[in-house]
>>> print(open('protein_10.cif').read())   # mmCIF, C-alpha atoms
data_start
#
loop_
_atom_site.label_atom_id
_atom_site.label_comp_id
_atom_site.auth_asym_id
_atom_site.auth_seq_id
_atom_site.Cartn_x
_atom_site.Cartn_y
_atom_site.Cartn_z
CA ASN T 1 -33.89 -128.32 13.81
CA ALA T 2 -35.72 -126.73 16.72
CA ALA T 3 -37.75 -123.57 17.24
CA CYS T 4 -37.45 -121.31 20.25
CA VAL T 5 -40.79 -120.44 21.90
CA ASN T 6 -40.93 -117.63 24.47
CA ASN T 7 -43.06 -118.10 27.52
CA ASP T 8 -43.58 -116.37 30.88
CA GLY T 9 -40.28 -116.14 32.58
CA GLY T 10 -38.35 -118.07 30.02
CA PHE T 11 -38.47 -120.05 26.76
CA GLU T 12 -38.58 -123.55 25.46
CA CYS T 13 -37.25 -125.31 22.37
CA ASN T 14 -39.57 -127.41 20.25
CA CYS T 15 -38.50 -129.64 17.35
CA VAL T 16 -39.78 -128.39 14.02
CA ALA T 17 -42.06 -130.49 11.82
CA GLY T 18 -40.29 -133.55 10.47
CA PHE T 19 -38.08 -133.91 13.53
CA GLU T 20 -38.65 -135.41 16.94
CA ALA T 21 -36.94 -135.05 20.31
CA ASN T 22 -34.35 -137.59 21.26
CA GLY T 23 -32.94 -136.51 24.58
CA ASP T 24 -31.61 -133.03 24.11
CA ARG T 25 -31.44 -133.35 20.33
CA CYS T 26 -33.96 -133.23 17.46
CA VAL T 27 -33.60 -136.10 15.04
CA ASP T 28 -35.19 -136.60 11.62
CA VAL T 29 -38.42 -138.57 11.40
CA ASP T 30 -38.30 -141.22 8.62
CA GLU T 31 -41.86 -140.90 7.32
CA CYS T 32 -41.19 -143.55 4.64
CA ARG T 33 -40.20 -146.18 7.16
CA LEU T 34 -43.04 -145.29 9.50
CA GLY T 35 -45.58 -145.28 6.68
CA THR T 36 -46.81 -141.79 7.51
CA ASP T 37 -46.15 -140.50 3.98
CA ASP T 38 -48.92 -139.90 1.45
CA CYS T 39 -47.15 -141.22 -1.63
CA GLY T 40 -49.28 -142.98 -4.25
CA ASP T 41 -49.46 -146.75 -4.67
CA ASN T 42 -47.24 -146.59 -7.76
CA ALA T 43 -44.67 -144.25 -6.22
CA GLN T 44 -41.53 -144.54 -4.16
CA CYS T 45 -41.09 -142.62 -0.90
CA ILE T 46 -37.69 -140.97 -0.44
CA ASN T 47 -36.88 -139.67 3.04
CA THR T 48 -35.32 -136.21 3.33
CA ALA T 49 -34.17 -134.11 6.28
CA GLY T 50 -37.39 -133.01 7.92
CA GLY T 51 -39.67 -134.47 5.25
CA PHE T 52 -39.96 -136.81 2.29
CA ASP T 53 -40.36 -136.82 -1.49
CA CYS T 54 -42.66 -139.01 -3.59
CA ARG T 55 -41.35 -140.20 -6.94
CA CYS T 56 -43.48 -142.14 -9.45
CA ASN T 57 -42.13 -145.56 -10.33
CA ASP T 58 -40.82 -146.29 -13.82
CA GLY T 59 -43.71 -146.62 -16.23
CA PHE T 60 -45.88 -144.16 -14.30
CA ALA T 61 -46.14 -140.37 -14.40
CA GLY T 62 -47.54 -137.79 -11.96
CA ASP T 63 -46.69 -135.77 -8.87
CA GLY T 64 -45.86 -138.79 -6.73
CA ARG T 65 -49.11 -138.53 -4.79
CA GLN T 66 -51.02 -139.61 -7.86
CA CYS T 67 -49.23 -141.68 -10.52
CA ASN T 68 -50.87 -142.83 -13.76
CA ASP T 69 -49.68 -145.57 -16.08
CA VAL T 70 -47.69 -144.44 -19.13
CA ASP T 71 -48.62 -146.07 -22.46
CA GLU T 72 -45.11 -146.87 -23.72
CA CYS T 73 -46.51 -148.43 -26.90
CA ALA T 74 -47.89 -145.05 -28.01
CA VAL T 75 -44.38 -143.80 -28.89
CA ASP T 76 -41.98 -145.58 -31.27
CA ASN T 77 -43.74 -148.92 -30.73
CA GLY T 78 -42.51 -148.88 -27.14
CA GLY T 79 -38.93 -149.58 -28.23
CA CYS T 80 -39.99 -152.98 -29.57
CA ASP T 81 -38.59 -154.33 -32.82
CA GLU T 82 -40.40 -153.22 -35.98
CA ASN T 83 -41.43 -156.86 -36.45
CA ALA T 84 -42.90 -157.13 -32.95
CA ASP T 85 -46.22 -156.26 -31.31
CA CYS T 86 -46.15 -153.91 -28.31
CA ARG T 87 -48.68 -154.53 -25.51
CA ASN T 88 -49.03 -151.97 -22.75
CA VAL T 89 -49.20 -153.21 -19.14
CA ASP T 90 -49.25 -151.36 -15.82
CA GLY T 91 -45.84 -149.82 -15.39
CA GLY T 92 -44.35 -151.14 -18.62
CA ARG T 93 -44.90 -152.94 -21.88
CA VAL T 94 -44.45 -156.40 -23.37
CA CYS T 95 -42.80 -156.92 -26.78
CA THR T 96 -43.69 -160.06 -28.73
CA CYS T 97 -42.22 -160.96 -32.12
CA THR T 98 -44.88 -161.45 -34.79
CA ASN T 99 -45.40 -164.72 -36.68
CA GLY T 100 -42.39 -165.61 -38.79
CA TRP T 101 -39.98 -163.80 -36.47
CA ALA T 102 -38.20 -164.96 -33.31
CA GLY T 103 -36.45 -163.18 -30.43
CA ASP T 104 -37.15 -161.30 -27.22
CA GLY T 105 -39.39 -158.74 -28.92
CA VAL T 106 -36.84 -155.96 -28.63
CA GLN T 107 -34.82 -157.74 -31.31
CA CYS T 108 -36.53 -160.09 -33.77
CA ALA T 109 -34.86 -162.19 -36.46
CA ASP T 110 -36.51 -163.88 -39.43
CA VAL T 111 -37.35 -167.56 -38.98
CA ASP T 112 -36.28 -169.76 -41.90
CA GLU T 113 -39.36 -172.00 -42.00
CA CYS T 114 -37.92 -174.00 -44.90
CA ARG T 115 -34.70 -174.91 -43.08
CA GLU T 116 -36.50 -175.54 -39.78
CA ASN T 117 -39.15 -177.72 -41.49
CA LEU T 118 -41.91 -175.42 -40.26
CA ASP T 119 -43.47 -175.00 -43.71
CA ASN T 120 -46.53 -176.80 -45.06
CA CYS T 121 -45.23 -177.26 -48.60
CA ASP T 122 -46.21 -180.38 -50.54
CA ALA T 123 -43.57 -183.08 -50.98
CA ASN T 124 -43.57 -182.16 -54.68
CA ALA T 125 -43.08 -178.43 -54.05
CA THR T 126 -40.12 -176.17 -53.36
CA CYS T 127 -40.07 -173.97 -50.24
CA ALA T 128 -38.55 -170.48 -50.55
CA ASN T 129 -37.97 -168.47 -47.37
CA ASN T 130 -38.81 -164.75 -47.25
CA ASP T 131 -38.96 -162.09 -44.54
CA GLY T 132 -41.50 -163.20 -41.97
CA GLY T 133 -42.76 -166.19 -43.96
CA PHE T 134 -42.20 -168.56 -46.86
CA GLU T 135 -43.59 -169.47 -50.28
CA CYS T 136 -44.40 -172.90 -51.71
CA THR T 137 -44.12 -173.47 -55.46
CA CYS T 138 -45.07 -176.74 -57.13
CA ASN T 139 -42.19 -178.42 -58.93
CA ASP T 140 -42.13 -178.84 -62.70
CA GLY T 141 -44.69 -181.43 -63.72
CA PHE T 142 -47.00 -180.63 -60.81
CA ALA T 143 -49.74 -178.05 -60.33
CA GLY T 144 -51.48 -176.59 -57.27
CA ASP T 145 -51.15 -173.95 -54.59
CA GLY T 146 -47.83 -175.26 -53.28
CA ALA T 147 -49.36 -176.80 -50.19
CA ASP T 148 -51.13 -179.36 -52.41
CA CYS T 149 -49.49 -180.33 -55.71
CA ASN T 150 -50.89 -182.85 -58.22
CA ASN T 151 -49.13 -184.53 -61.10
CA VAL T 152 -49.83 -182.93 -64.50
CA ASN T 153 -49.97 -184.82 -67.81
CA GLN T 154 -47.75 -182.44 -69.73
CA CYS T 155 -47.83 -184.68 -72.77
CA ALA T 156 -51.61 -184.44 -73.01
CA ASN T 157 -51.88 -180.71 -72.44
CA GLY T 158 -49.10 -179.87 -74.88
CA GLU T 159 -46.66 -178.41 -72.35
CA VAL T 160 -43.97 -180.75 -73.64
CA GLN T 161 -43.30 -180.49 -77.37
CA CYS T 162 -41.15 -183.25 -78.83
CA GLY T 163 -39.31 -183.17 -82.13
CA ASP T 164 -39.41 -185.48 -85.14
CA ASP T 165 -38.85 -189.16 -84.45
CA GLN T 166 -39.56 -188.51 -80.75
CA ARG T 167 -42.44 -189.29 -78.43
CA CYS T 168 -43.59 -187.67 -75.17
CA VAL T 169 -43.38 -189.96 -72.15
CA GLU T 170 -45.62 -189.27 -69.18
CA GLN T 171 -44.01 -189.85 -65.78
CA PHE T 172 -44.43 -188.81 -62.16
CA GLY T 173 -43.05 -185.32 -62.28
CA PRO T 174 -41.90 -183.51 -65.40
CA ASP T 175 -42.76 -185.44 -68.58
CA THR T 176 -39.97 -185.91 -71.06
CA CYS T 177 -39.16 -186.69 -74.68
CA ARG T 178 -37.65 -189.99 -75.75
CA CYS T 179 -36.66 -191.34 -79.13
CA ASP T 180 -39.65 -192.96 -80.82
CA PHE T 181 -39.87 -196.72 -81.23
CA GLY T 182 -37.44 -197.85 -83.91
CA TYR T 183 -35.05 -194.98 -83.16
CA ARG T 184 -32.18 -194.55 -80.72
CA ASP T 185 -30.41 -191.57 -79.18
CA GLU T 186 -26.98 -191.25 -80.71
CA ASP T 187 -26.03 -188.22 -78.56
CA ASP T 188 -24.80 -188.67 -74.99
CA GLY T 189 -25.44 -184.99 -74.25
CA PRO T 190 -28.53 -183.35 -72.77
CA GLY T 191 -30.41 -183.19 -76.08
CA LEU T 192 -31.85 -185.94 -78.24
CA ASP T 193 -30.32 -187.02 -81.56
CA CYS T 194 -32.65 -189.76 -82.71
CA VAL T 195 -31.45 -191.99 -85.57
CA ASP T 196 -33.18 -194.92 -87.16
CA VAL T 197 -32.41 -198.38 -85.82
CA ASP T 198 -31.63 -200.90 -88.56
CA GLU T 199 -33.56 -203.79 -87.12
CA CYS T 200 -32.41 -206.07 -89.92
CA ASP T 201 -28.72 -205.38 -89.28
CA ALA T 202 -29.15 -205.42 -85.50
CA GLY T 203 -30.84 -208.80 -85.60
CA VAL T 204 -34.05 -207.59 -84.04
CA GLY T 205 -36.06 -207.82 -87.23
CA PHE T 206 -37.67 -211.19 -86.71
CA CYS T 207 -38.50 -212.52 -90.13
CA HIS T 208 -39.17 -216.06 -91.36
CA PRO T 209 -36.04 -217.93 -92.56
CA ASP T 210 -37.52 -217.87 -96.05
CA ALA T 211 -38.18 -214.12 -95.94
CA THR T 212 -36.03 -211.06 -96.48
CA CYS T 213 -35.82 -208.25 -93.87
CA ASN T 214 -36.05 -204.72 -95.26
CA ASN T 215 -35.27 -201.80 -92.95
CA LEU T 216 -37.72 -198.89 -92.95
CA PRO T 217 -37.64 -195.56 -91.00
CA GLY T 218 -38.51 -196.52 -87.46
CA THR T 219 -39.43 -200.10 -88.34
CA HIS T 220 -38.83 -202.93 -90.79
CA GLU T 221 -40.73 -205.27 -93.07
CA CYS T 222 -40.44 -208.95 -93.87
CA VAL T 223 -40.98 -209.99 -97.51
CA CYS T 224 -41.31 -213.67 -98.41
CA ASN T 225 -38.64 -214.84 -100.81
CA GLN T 226 -39.56 -215.80 -104.35
CA GLY T 227 -41.44 -219.05 -104.37
CA PHE T 228 -42.87 -218.60 -100.88
CA GLY T 229 -46.12 -217.03 -99.75
CA GLY T 230 -47.23 -215.51 -96.45
CA ASN T 231 -46.76 -212.37 -94.41
CA GLY T 232 -43.04 -212.84 -93.88
#
>>> encode(input="protein_10.cif", output="structure tokens")
Amino acid sequence: NAACVNNDGGFECNCVAGFEANGDRCVDVDECRLGTDDCGDNAQCINTAGGFDCRCNDGFAGDGRQCNDVDECAVDNGGCDENADCRNVDGGRVCTCTNGWAGDGVQCADVDECRENLDNCDANATCANNDGGFECTCNDGFAGDGADCNNVNQCANGEVQCGDDQRCVEQFGPDTCRCDFGYRDEDDGPGLDCVDVDECDAGVGFCHPDATCNNLPGTHECVCNQGFGGNG
């Protein structure tokens, strides 16, 4: 690590560049430790025997003397999840999951807004989760955009069609069919089987003691007995 230099009557040994004399030996100069290197601000100095190397830090590219930021987001979304936004920063990138997704940005999972009560659905609407969001649908008997649902008179607008001897009953929510007055449902199943109520036989046909009760479909009549007058 020294060079021989001839001179008058003899010679001398001088340490080559990158080394310095230490007694009768030449030892390496650590330019990195001494700060005599010319590496760039965004580079790492690596000492070598008799010199040094400059290596750009991760996220930067160049010859080590000059290092420029690399835009990681420009390729493959910077390695972020497909449901994340990539934001370039000096020497790296930041991944952030988009709305409706949660995670570290490199991996994002769908958020179930319905289960987590993060939706804005009306109390009279049903929330359905989907990828990255949710959908609100007004329940039967209500109308609106899902976030605001109002009761609908399905009887008045004809949405509910009832059969013979039935009437449509408006209620909060889906309107329904019931047996008409003077009829009763004889079927315990889901449908309606409306049959006439014999008010006279059931004792609900309130006639005068001197009148006769005659059952009629859905009602009854009171007829005064012979020898009596009135409306029964």
>>> resolve_selection(input="protein_10.cif", expression="the PyMOL selection byres ((chain T and resi 188-198) around 8)", output="list in words")
Asp165, Gln166, Arg178, Cys179, Asp180, Gly182, Tyr183, Arg184, Asp185, Glu186, Asp187, Glu199, Cys200, Asp201, Ala202, Asn215, Leu216, Pro217, Gly218, Thr219 and His220 of chain T
>>> residues_around(input="protein_10.cif", residues="Phe19 (chain T)", least_positions_apart="2", cutoff="12 Å", atoms="only C-alpha atoms", output="list of chain:residue names")
T:Asn1, T:Ala2, T:Ala3, T:Asn14, T:Cys15, T:Val16, T:Ala17, T:Ala21, T:Asn22, T:Arg25, T:Cys26, T:Val27, T:Asp28, T:Val29, T:Asp30, T:Glu31, T:Thr48, T:Ala49, T:Gly50, T:Gly51, T:Phe52
>>> residues_around(input="protein_10.cif", residues="Val160 (chain T)", least_positions_apart="4", cutoff="9 Å", atoms="all atoms listed in the file", output="PyMOL selection string")
chain T and resi 154-156+168+174-177
>>> atom_distance(input="protein_10.cif", atom1="CA of Asn225 (chain T)", atom2="CA of Phe206 (chain T)")
14.6 Å
>>> atom_distance(input="protein_10.cif", atom1="CA of Cys213 (chain T)", atom2="CA of Gly230 (chain T)")
13.8 Å
>>> resolve_selection(input="protein_10.cif", expression="the PyMOL selection byres ((chain T and resi 122) around 10)", output="number ranges by chain")
T: 119-121, 123-127, 136-139, 144-150
>>> atom_distance(input="protein_10.cif", atom1="CA of Asp85 (chain T)", atom2="CA of Cys108 (chain T)")
10.7 Å
>>> residues_around(input="protein_10.cif", residues="Arg33 (chain T)", least_positions_apart="3", cutoff="10 Å", atoms="all atoms listed in the file", output="NGL selection string")
:T and (29-30 or 36-37 or 45-47)
>>> closest_residue(input="protein_10.cif", among="T:Val94, T:Leu118, T:Ala143, T:Val204", to="Gly79 (chain T)", atoms="only C-alpha atoms")
T:Val94
>>> closest_residue(input="protein_10.cif", among="T:Val111, T:Cys162, T:Cys222, T:Val70", to="Asp90 (chain T)", atoms="all atoms listed in the file")
T:Val70
>>> build_atoms(input="protein_10.cif", residues="region 199-215 of chain T", atoms="N, CA, C and O atoms", output="mmCIF file, in the frame of the given file")
data_model
loop_
_atom_site.group_PDB
_atom_site.id
_atom_site.type_symbol
_atom_site.label_atom_id
_atom_site.label_comp_id
_atom_site.auth_asym_id
_atom_site.auth_seq_id
_atom_site.Cartn_x
_atom_site.Cartn_y
_atom_site.Cartn_z
ATOM 1 N N GLU T 199 -33.189 -202.552 -87.797
ATOM 2 C CA GLU T 199 -33.560 -203.790 -87.120
ATOM 3 C C GLU T 199 -33.005 -205.016 -87.825
ATOM 4 O O GLU T 199 -32.667 -206.029 -87.181
ATOM 5 N N CYS T 200 -32.915 -204.920 -89.160
ATOM 6 C CA CYS T 200 -32.410 -206.070 -89.920
ATOM 7 C C CYS T 200 -30.948 -206.329 -89.597
ATOM 8 O O CYS T 200 -30.531 -207.471 -89.339
ATOM 9 N N ASP T 201 -30.158 -205.240 -89.550
ATOM 10 C CA ASP T 201 -28.720 -205.380 -89.280
ATOM 11 C C ASP T 201 -28.473 -205.695 -87.806
ATOM 12 O O ASP T 201 -27.528 -206.397 -87.465
ATOM 13 N N ALA T 202 -29.340 -205.192 -86.930
ATOM 14 C CA ALA T 202 -29.150 -205.420 -85.500
ATOM 15 C C ALA T 202 -29.675 -206.768 -85.050
ATOM 16 O O ALA T 202 -29.496 -207.160 -83.891
ATOM 17 N N GLY T 203 -30.331 -207.485 -85.954
ATOM 18 C CA GLY T 203 -30.840 -208.800 -85.600
ATOM 19 C C GLY T 203 -32.091 -208.779 -84.777
ATOM 20 O O GLY T 203 -32.426 -209.770 -84.117
ATOM 21 N N VAL T 204 -32.798 -207.669 -84.797
ATOM 22 C CA VAL T 204 -34.050 -207.590 -84.040
ATOM 23 C C VAL T 204 -35.244 -207.588 -84.981
ATOM 24 O O VAL T 204 -36.380 -207.431 -84.536
ATOM 25 N N GLY T 205 -34.966 -207.707 -86.266
ATOM 26 C CA GLY T 205 -36.060 -207.820 -87.230
ATOM 27 C C GLY T 205 -36.380 -209.284 -87.435
ATOM 28 O O GLY T 205 -35.707 -209.992 -88.202
ATOM 29 N N PHE T 206 -37.367 -209.753 -86.732
ATOM 30 C CA PHE T 206 -37.670 -211.190 -86.710
ATOM 31 C C PHE T 206 -38.511 -211.574 -87.916
ATOM 32 O O PHE T 206 -39.731 -211.415 -87.910
ATOM 33 N N CYS T 207 -37.830 -212.064 -88.911
ATOM 34 C CA CYS T 207 -38.500 -212.520 -90.130
ATOM 35 C C CYS T 207 -38.357 -214.048 -90.260
ATOM 36 O O CYS T 207 -37.478 -214.672 -89.654
ATOM 37 N N HIS T 208 -39.236 -214.625 -91.078
ATOM 38 C CA HIS T 208 -39.170 -216.060 -91.360
ATOM 39 C C HIS T 208 -37.846 -216.366 -92.064
ATOM 40 O O HIS T 208 -37.332 -215.527 -92.828
ATOM 41 N N PRO T 209 -37.295 -217.573 -91.880
ATOM 42 C CA PRO T 209 -36.040 -217.930 -92.560
ATOM 43 C C PRO T 209 -36.136 -217.818 -94.074
ATOM 44 O O PRO T 209 -35.110 -217.578 -94.745
ATOM 45 N N ASP T 210 -37.345 -217.957 -94.600
ATOM 46 C CA ASP T 210 -37.520 -217.870 -96.050
ATOM 47 C C ASP T 210 -38.074 -216.500 -96.448
ATOM 48 O O ASP T 210 -38.820 -216.376 -97.423
ATOM 49 N N ALA T 211 -37.751 -215.483 -95.639
ATOM 50 C CA ALA T 211 -38.180 -214.120 -95.940
ATOM 51 C C ALA T 211 -36.976 -213.184 -95.847
ATOM 52 O O ALA T 211 -35.963 -213.502 -95.226
ATOM 53 N N THR T 212 -37.099 -212.066 -96.487
ATOM 54 C CA THR T 212 -36.030 -211.060 -96.480
ATOM 55 C C THR T 212 -36.482 -209.887 -95.610
ATOM 56 O O THR T 212 -37.613 -209.419 -95.706
ATOM 57 N N CYS T 213 -35.542 -209.403 -94.756
ATOM 58 C CA CYS T 213 -35.820 -208.250 -93.870
ATOM 59 C C CYS T 213 -35.398 -206.982 -94.583
ATOM 60 O O CYS T 213 -34.254 -206.851 -95.030
ATOM 61 N N ASN T 214 -36.338 -206.028 -94.676
ATOM 62 C CA ASN T 214 -36.050 -204.720 -95.260
ATOM 63 C C ASN T 214 -36.234 -203.648 -94.188
ATOM 64 O O ASN T 214 -37.302 -203.541 -93.579
ATOM 65 N N ASN T 215 -35.172 -202.873 -93.949
ATOM 66 C CA ASN T 215 -35.270 -201.800 -92.950
ATOM 67 C C ASN T 215 -36.092 -200.641 -93.498
ATOM 68 O O ASN T 215 -36.002 -200.261 -94.659
#
